[in-house]
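**Student:** Below is the file protein03.txt, which contains compact mmCIF, C-alpha atoms.
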# COMPACT_ATOMS: atom_id res chain seq x y z
CA MET A 21 97.38 96.44 62.91
CA SER A 22 99.59 97.98 65.52
CA PHE A 23 99.07 97.73 69.24
CA HIS A 24 99.83 100.71 71.43
CA LEU A 25 100.15 100.49 75.18
CA PRO A 26 98.08 103.06 77.04
CA GLU A 27 101.22 104.92 78.11
CA HIS A 28 99.33 107.80 79.65
CA GLY A 29 97.27 105.43 81.81
CA ILE A 30 100.32 103.42 82.83
CA SER A 31 102.29 106.49 83.85
CA ASP A 32 99.30 107.80 85.82
CA ALA A 33 98.97 104.42 87.54
CA ALA A 34 102.70 104.37 88.34
CA MET A 35 102.57 107.86 89.83
CA ILE A 36 99.50 106.98 91.92
CA ALA A 37 101.12 103.70 93.05
CA ALA A 38 104.24 105.58 94.17
CA ILE A 39 102.14 108.05 96.19
CA VAL A 40 100.14 105.22 97.81
CA ILE A 41 103.18 103.06 98.70
CA PHE A 42 105.23 105.93 100.13
CA ALA A 43 102.21 107.28 102.07
CA THR A 44 101.37 103.86 103.52
CA VAL A 45 104.95 103.18 104.66
CA GLY A 46 105.12 106.69 106.13
CA ASP A 47 101.76 106.37 107.90
CA ILE A 48 102.64 103.01 109.43
CA LEU A 49 106.07 104.19 110.64
CA ILE A 50 104.61 107.39 112.11
CA ALA A 51 101.69 105.56 113.75
CA ALA A 52 104.14 103.02 115.22
CA ALA A 53 106.33 105.87 116.49
CA MET A 54 103.38 107.70 118.09
CA ARG A 55 102.12 104.48 119.66
CA GLY A 56 105.58 103.89 121.16
CA ILE A 57 105.88 107.49 122.42
CA GLY A 58 102.45 107.49 124.10
CA ASP A 59 99.74 110.10 124.60
CA LEU A 60 101.17 113.51 123.66
CA ASP A 61 98.68 115.24 125.97
CA ASP A 62 100.17 113.36 128.95
CA ILE A 63 103.74 114.11 127.85
CA ARG A 64 102.90 117.79 127.39
CA ALA A 65 101.31 117.88 130.85
CA CYS A 66 104.49 116.45 132.41
CA SER A 67 107.26 117.96 130.26
CA GLY A 68 105.62 120.88 128.44
CA LEU A 69 105.31 121.45 124.71
CA GLY A 70 109.11 121.27 124.28
CA GLY A 71 109.16 117.86 125.92
CA ALA A 72 106.40 116.60 123.60
CA ILE A 73 108.19 117.95 120.51
CA GLY A 74 111.49 116.47 121.74
CA ALA A 75 109.87 113.07 122.30
CA VAL A 76 108.50 113.06 118.74
CA LEU A 77 111.66 114.36 117.04
CA GLY A 78 113.83 111.94 119.04
CA SER A 79 112.10 108.93 117.52
CA GLY A 80 114.01 107.30 114.68
CA ARG A 81 110.88 105.63 113.32
CA PHE A 82 109.14 109.00 113.24
CA LEU A 83 111.99 110.50 111.20
CA PHE A 84 111.92 107.56 108.78
CA GLY A 85 108.16 107.99 108.53
CA VAL A 86 108.54 111.69 107.74
CA PHE A 87 111.10 110.79 105.06
CA PHE A 88 108.59 108.48 103.36
CA MET A 89 105.81 111.06 103.75
CA ALA A 90 108.11 113.60 102.08
CA LEU A 91 108.65 111.13 99.21
CA SER A 92 104.87 110.77 98.96
CA PHE A 93 104.45 114.58 99.01
CA PHE A 94 106.95 115.17 96.18
CA SER A 95 105.41 112.25 94.25
CA LEU A 96 102.05 114.02 94.65
CA LEU A 97 103.49 117.35 93.45
CA PHE A 98 105.08 115.58 90.49
CA ALA A 99 101.83 113.76 89.66
CA LEU A 100 99.73 116.93 89.97
CA SER A 101 101.92 118.64 87.40
CA HIS A 102 101.12 115.85 84.89
CA ALA A 103 97.66 114.56 85.76
CA ASP A 104 94.41 116.08 86.95
CA LEU A 105 93.74 116.61 90.66
CA SER A 106 90.36 114.95 90.12
CA LEU A 107 92.17 111.71 89.21
CA VAL A 108 95.30 111.74 91.38
CA ALA A 109 93.86 112.96 94.71
CA PRO A 110 90.83 110.63 94.96
CA ALA A 111 92.63 107.61 93.51
CA SER A 112 95.64 107.90 95.82
CA ALA A 113 93.51 108.83 98.84
CA SER A 114 91.00 106.02 98.39
CA LEU A 115 93.65 103.35 97.74
CA THR A 116 95.62 104.54 100.78
CA PHE A 117 92.60 103.80 103.03
CA VAL A 118 92.69 100.14 102.02
CA THR A 119 96.49 99.69 102.05
CA ASN A 120 96.67 101.41 105.46
CA ALA A 121 93.95 99.16 106.90
CA VAL A 122 95.82 96.04 105.73
CA ALA A 123 99.22 97.35 106.87
CA ALA A 124 97.86 98.53 110.26
CA LYS A 125 96.41 95.08 110.90
CA VAL A 126 99.60 93.27 109.86
CA PHE A 127 102.31 95.55 111.25
CA LEU A 128 100.65 97.49 114.07
CA LYS A 129 98.34 94.63 115.17
CA GLU A 130 95.42 97.06 115.30
CA ASN A 131 92.01 95.58 115.93
CA VAL A 132 90.62 96.06 112.41
CA ASP A 133 87.21 94.54 113.06
CA ARG A 134 84.29 94.28 110.65
CA ARG A 135 83.17 97.81 111.53
CA ARG A 136 86.55 99.27 110.52
CA TRP A 137 86.77 97.22 107.31
CA VAL A 138 83.31 98.41 106.29
CA ALA A 139 84.26 101.99 107.18
CA ALA A 140 87.52 101.78 105.20
CA LEU A 141 85.76 100.29 102.14
CA PHE A 142 82.85 102.78 102.30
CA VAL A 143 85.25 105.72 102.57
CA CYS A 144 87.46 104.27 99.80
CA ALA A 145 84.47 103.93 97.45
CA GLY A 146 83.07 107.28 98.54
CA VAL A 147 86.31 109.16 97.89
CA ALA A 148 86.57 107.50 94.45
CA LEU A 149 82.97 108.48 93.61
CA MET A 150 83.63 112.07 94.67
CA ALA A 151 85.87 112.37 91.61
CA LEU A 152 83.00 111.64 89.20
CA MET B 7 86.99 110.51 123.40
CA THR B 8 86.62 114.05 124.69
CA PHE B 9 85.26 117.11 122.89
CA ARG B 10 88.83 118.44 122.60
CA ARG B 11 89.92 115.25 120.81
CA TYR B 12 87.01 115.46 118.39
CA LEU B 13 88.15 119.05 117.76
CA VAL B 14 91.66 117.80 116.91
CA LEU B 15 90.12 115.27 114.48
CA ALA B 16 88.11 118.13 112.91
CA VAL B 17 91.35 120.09 112.33
CA VAL B 18 92.88 116.98 110.71
CA ALA B 19 89.77 116.59 108.54
CA LEU B 20 89.61 120.19 107.29
CA THR B 21 93.25 121.21 106.84
CA ALA B 22 94.18 118.25 104.61
CA PRO B 23 91.65 118.79 101.77
CA PHE B 24 92.05 122.60 101.82
CA GLY B 25 95.86 122.23 101.80
CA ASP B 26 95.75 119.73 98.92
CA THR B 27 93.48 122.05 96.93
CA LEU B 28 95.90 124.97 97.37
CA LEU B 29 98.83 122.75 96.32
CA SER B 30 96.92 121.79 93.20
CA LEU B 31 96.18 125.43 92.34
CA GLY B 32 99.85 126.30 92.85
CA MET B 33 101.16 123.45 90.73
CA LYS B 34 98.77 124.30 87.90
CA ARG B 35 100.31 127.79 87.88
CA VAL B 36 103.87 126.38 87.95
CA GLY B 37 103.09 124.04 85.05
CA PRO B 38 104.41 120.58 84.17
CA VAL B 39 107.65 119.50 85.86
CA SER B 40 109.93 117.15 83.95
CA PHE B 41 112.47 114.68 85.33
CA ASP B 42 115.24 116.87 83.85
CA HIS B 43 114.14 119.90 85.88
CA LEU B 44 113.15 118.47 89.27
CA GLY B 45 114.66 121.58 90.87
CA THR B 46 111.53 123.39 89.73
CA LEU B 47 109.71 121.60 92.57
CA ILE B 48 111.94 123.43 95.07
CA HIS B 49 111.18 126.83 93.45
CA ALA B 50 107.47 125.95 93.40
CA VAL B 51 107.51 125.89 97.21
CA ALA B 52 108.05 129.70 97.21
CA THR B 53 104.75 130.49 95.45
CA PRO B 54 101.92 131.90 97.67
CA ASP B 55 99.37 129.15 96.98
CA ILE B 56 101.84 126.40 97.75
CA LEU B 57 103.18 128.23 100.82
CA LEU B 58 99.66 128.56 102.25
CA GLY B 59 98.93 124.97 101.29
CA ILE B 60 102.08 123.83 103.10
CA ALA B 61 101.12 125.92 106.18
CA LEU B 62 97.74 124.16 106.29
CA LEU B 63 99.42 120.79 105.80
CA ILE B 64 101.78 121.56 108.72
CA CYS B 65 98.67 122.20 110.89
CA PHE B 66 97.28 118.94 109.54
CA PHE B 67 100.47 117.06 110.40
CA ALA B 68 100.71 118.40 113.97
CA SER B 69 97.09 117.50 114.74
CA TYR B 70 97.46 114.17 112.91
CA LEU B 71 100.44 113.23 115.12
CA ALA B 72 98.52 114.23 118.25
CA SER B 73 95.55 112.11 117.19
CA LEU B 74 97.74 109.08 116.44
CA SER B 75 99.12 109.24 119.99
CA TRP B 76 95.66 108.41 121.41
CA ALA B 77 93.81 106.71 118.53
CA ASP B 78 94.42 103.95 115.99
CA LEU B 79 95.46 104.72 112.42
CA THR B 80 92.43 102.75 111.19
CA TYR B 81 90.19 104.98 113.35
CA VAL B 82 91.79 108.35 112.52
CA LEU B 83 91.87 107.95 108.73
CA PRO B 84 88.20 107.06 108.11
CA ALA B 85 86.97 109.42 110.85
CA THR B 86 88.76 112.41 109.33
CA SER B 87 87.60 111.66 105.78
CA ILE B 88 84.48 113.73 106.58
CA GLY B 89 86.63 116.70 105.48
CA ASN B 90 86.07 115.66 101.84
CA VAL B 91 82.32 115.86 102.41
CA ILE B 92 82.56 119.29 104.05
CA VAL B 93 84.64 120.66 101.17
CA ALA B 94 82.13 119.29 98.63
CA LEU B 95 79.17 120.77 100.53
CA LEU B 96 80.94 124.14 100.80
CA ALA B 97 81.56 124.04 97.05
CA ARG B 98 77.86 123.25 96.46
CA PHE B 99 76.26 125.78 98.78
CA CYS B 100 78.88 128.58 98.88
CA LEU B 101 80.31 128.42 95.34
CA ASN B 102 77.12 127.06 93.73
CA GLU B 103 79.08 124.25 92.06
CA GLN B 104 77.02 121.37 90.71
CA ILE B 105 77.35 118.00 92.44
CA SER B 106 76.59 114.97 90.28
CA PRO B 107 74.40 112.12 91.58
CA TRP B 108 77.49 109.88 91.83
CA ARG B 109 79.19 112.50 93.96
CA TRP B 110 76.15 112.58 96.29
CA VAL B 111 76.45 108.78 96.58
CA GLY B 112 80.13 109.25 97.45
CA ILE B 113 79.19 111.80 100.12
CA LEU B 114 76.67 109.34 101.60
CA LEU B 115 79.22 106.49 101.59
CA ILE B 116 81.89 108.60 103.31
CA THR B 117 79.40 109.85 105.89
CA ALA B 118 78.24 106.27 106.54
CA GLY B 119 81.89 105.12 106.85
CA VAL B 120 82.65 107.89 109.34
CA GLY B 121 79.49 106.97 111.26
CA PHE B 122 80.54 103.29 111.40
CA VAL B 123 84.07 103.88 112.63
CA THR B 124 83.29 106.56 115.19
CA GLN B 125 80.76 104.28 116.90
CA GLY B 126 83.54 101.84 117.79
CA PRO B 127 86.56 102.03 120.10
CA SER B 128 89.26 104.49 119.06
CA TYR B 129 92.32 102.70 120.39
CA THR B 130 93.64 99.12 120.41
CA GLU B 131 95.46 98.26 123.64
CA VAL B 132 98.54 96.22 122.74
CA ASN B 133 100.19 94.27 125.55
CA GLU B 134 102.87 92.47 123.60
CA ALA B 135 106.02 94.03 122.18
CA CYS B 136 105.24 96.42 119.36
CA PRO B 137 105.95 94.47 116.14
CA VAL B 138 107.46 97.42 114.33
CA SER B 139 109.49 98.99 117.11
CA GLY B 140 110.41 95.96 119.16
CA THR B 141 109.71 98.04 122.28
CA GLU B 142 107.04 97.62 124.91
CA VAL B 143 104.03 99.83 124.58
CA SER B 144 103.23 101.67 127.79
CA GLN B 145 99.74 101.25 129.17
CA PRO B 146 97.79 104.29 130.34
Re-express the file's structure as structure tokens.
**Tutor:**
Amino acid sequence: MSFHLPEHGISDAAMIAAIVIFATVGDILIAAAMRGIGDLDDIRACSGLGGAIGAVLGSGRFLFGVFFMALSFFSLLFALSHADLSLVAPASASLTFVTNAVAAKVFLKENVDRRRWVAALFVCAGVALMAL
Amino acid sequence: MTFRRYLVLAVVALTAPFGDTLLSLGMKRVGPVSFDHLGTLIHAVATPDILLGIALLICFFASYLASLSWADLTYVLPATSIGNVIVALLARFCLNEQISPWRWVGILLITAGVGFVTQGPSYTEVNEACPVSGTEVSQP
């Protein structure tokens, strides 16, 4: 009796994992950059739209974040050409809610209280169920 | 939170799912992309569906950045997930697509999650040095 690994499932899982990891790193870097820059409405009021754009584009963390978001985007394009949208989009989106909540608490020191955990888990489960 | 900020969150919520859907349509037309021909991904960007999808995702990104400058990541992400519900309801009532019972449960869970998170504070004030940047966060 031969044993075959579920290659299709493993490759789907690997593609989804890549999307989730790149998106989480990108989100955390961009959120950290925006937190450091401050309220864009205030910056735009003082320095105009150009000043706000300059403040964002001048942030190294923002650029790193965009790089990881771009990796996530091309991972998504790659995955969509191999797997169904109904699997890739909900799976990566729902997992990203949880990984982002954990990473935001650890790296950004956000106040992820019980209300936000419940919200993240409800949305994670809800997005997964939307694929059924 | 002002009405204008809720409007920005609404733009984040709606442009992301519509943009993703257009990307999916475009990539289905392009077909499978192999590791040997990754350049096909660059050519795929020139197709109308993917161009429009990217335009929507640019709108999403600009409003997402604005929202992250005055709200926490763990507030923005669940709050804007209501876009998935809106797209599903549009598909049900405008396109007459069938929604399974499980999908209705998903819609209820997302709506409940959005309700939970939007009842709480939107921003965590951090007084100590930002752990990622190593720089002091300015207080409003």
**Student:** Closest to Thr8 in chain B among B:Ala77, B:Leu115, B:Leu20, B:Ile105, using only C-alpha atoms?
**Tutor:**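 Counting only C-alpha atoms, the residue closest to Thr8 in chain B is B:Ala77.
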**Student:** Do a neighbour search on range 51-67 of chain B at 8 Å with all atoms listed in the file, toss out local chain neighbours closer than 5 positions, and write the hits as a PyMOL selection string.
**Tutor:** chain B and resi 17-19+21-22+24-29+31-33
**Student:** For a test of reading the model, state the distance in Å between CA of Ser114 in chain A and CA of Ala140 in chain A, rounded to one decimal.
**Tutor:**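 Pair CA of Ser114 in chain A / CA of Ala140 in chain A returns 8.7 Å.
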**Student:** With 7 Å as the limit and counting all atoms listed in the file, what residues in chain A lie close to chain B? Please list them as number ranges by chain.
**Tutor:** A: 51-52, 54-56, 58-60, 98, 100-102, 105, 121, 124, 127-128, 130-131, 135-136, 138-140, 142-143, 145-147, 149-150, 152
**Student:** Calculate how many Å separate CA of Gly80 in chain A from CA of Ile50 in chain A, rounding to one decimal.
**Tutor:**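 One can read the CA of Gly80 in chain A to CA of Ile50 in chain A distance as 9.7 Å.
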**Student:** One decimal, in Å: what's the spacing between CA of Gly74 in chain A and CA of Val86 in chain A?
**Tutor:**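 For CA of Gly74 in chain A relative to CA of Val86 in chain A, the distance reads 15.1 Å.
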**Student:** For Lys125 in chain A, which residue out of A:Ile48, A:Ala148, A:Ile73, A:Ile41 is the nearest one, using all atoms listed in the file?
**Tutor:**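 Of all the options, A:Ile48 lies closest to Lys125 in chain A.
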**Student:** Smallest atom-to-atom distance to Gly78 in chain A: which of A:Ile57, A:Ala37, A:Leu91, A:Ala43, using all atoms listed in the file?
**Tutor:**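 Nearest to Gly78 in chain A: A:Ile57.
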**Student:** Check the smallest atom-to-atom distance from each of B:Thr46, B:Arg98, B:Val82, B:Ile92 to Phe94 in chain A using all atoms listed in the file, then report the winner.
**Tutor:**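 Answer, going by the shortest atom-to-atom distance: B:Thr46.
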**Student:** Could you give me, as an NGL selection string, the residues that sit within 6 Å of (88.9, 100.2, 102.6) in the file's coordinates, counting only C-alpha atoms?
**Tutor:** :A and (117-118 or 137 or 140-141 or 144)
**Student:** Rebuild N, CA and C atoms on range 44-59 of chain B, as a tab-separated table (two decimals), in the frame of the given file?
**Tutor:**
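Contents of selection33.tsv, as written:
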chain	number	residue	atom	x	y	z
B	44	LEU	N	113.82	118.72	88.00
B	44	LEU	CA	113.15	118.47	89.27
B	44	LEU	C	113.37	119.61	90.26
B	45	GLY	N	114.42	120.42	90.02
B	45	GLY	CA	114.66	121.58	90.87
B	45	GLY	C	113.52	122.57	90.86
B	46	THR	N	112.70	122.51	89.82
B	46	THR	CA	111.53	123.39	89.73
B	46	THR	C	110.59	123.15	90.92
B	47	LEU	N	110.57	121.91	91.43
B	47	LEU	CA	109.71	121.60	92.57
B	47	LEU	C	110.12	122.42	93.79
B	48	ILE	N	111.45	122.64	93.93
B	48	ILE	CA	111.94	123.43	95.07
B	48	ILE	C	111.48	124.89	94.92
B	49	HIS	N	111.61	125.45	93.69
B	49	HIS	CA	111.18	126.83	93.45
B	49	HIS	C	109.65	126.96	93.62
B	50	ALA	N	108.93	125.91	93.29
B	50	ALA	CA	107.47	125.95	93.40
B	50	ALA	C	107.03	126.19	94.84
B	51	VAL	N	107.86	125.75	95.80
B	51	VAL	CA	107.51	125.89	97.21
B	51	VAL	C	107.39	127.36	97.61
B	52	ALA	N	108.05	128.27	96.85
B	52	ALA	CA	108.05	129.70	97.21
B	52	ALA	C	106.82	130.44	96.71
B	53	THR	N	105.94	129.78	95.96
B	53	THR	CA	104.75	130.49	95.45
B	53	THR	C	103.67	130.57	96.55
B	54	PRO	N	102.86	131.66	96.57
B	54	PRO	CA	101.92	131.90	97.67
B	54	PRO	C	100.93	130.74	97.91
B	55	ASP	N	100.35	130.24	96.82
B	55	ASP	CA	99.37	129.15	96.98
B	55	ASP	C	100.00	127.95	97.67
B	56	ILE	N	101.19	127.60	97.20
B	56	ILE	CA	101.84	126.40	97.75
B	56	ILE	C	102.32	126.66	99.18
B	57	LEU	N	102.77	127.89	99.45
B	57	LEU	CA	103.18	128.23	100.82
B	57	LEU	C	102.00	128.09	101.78
B	58	LEU	N	100.85	128.64	101.40
B	58	LEU	CA	99.66	128.56	102.25
B	58	LEU	C	99.20	127.10	102.38
B	59	GLY	N	99.27	126.39	101.26
B	59	GLY	CA	98.93	124.97	101.29
B	59	GLY	C	99.83	124.20	102.24
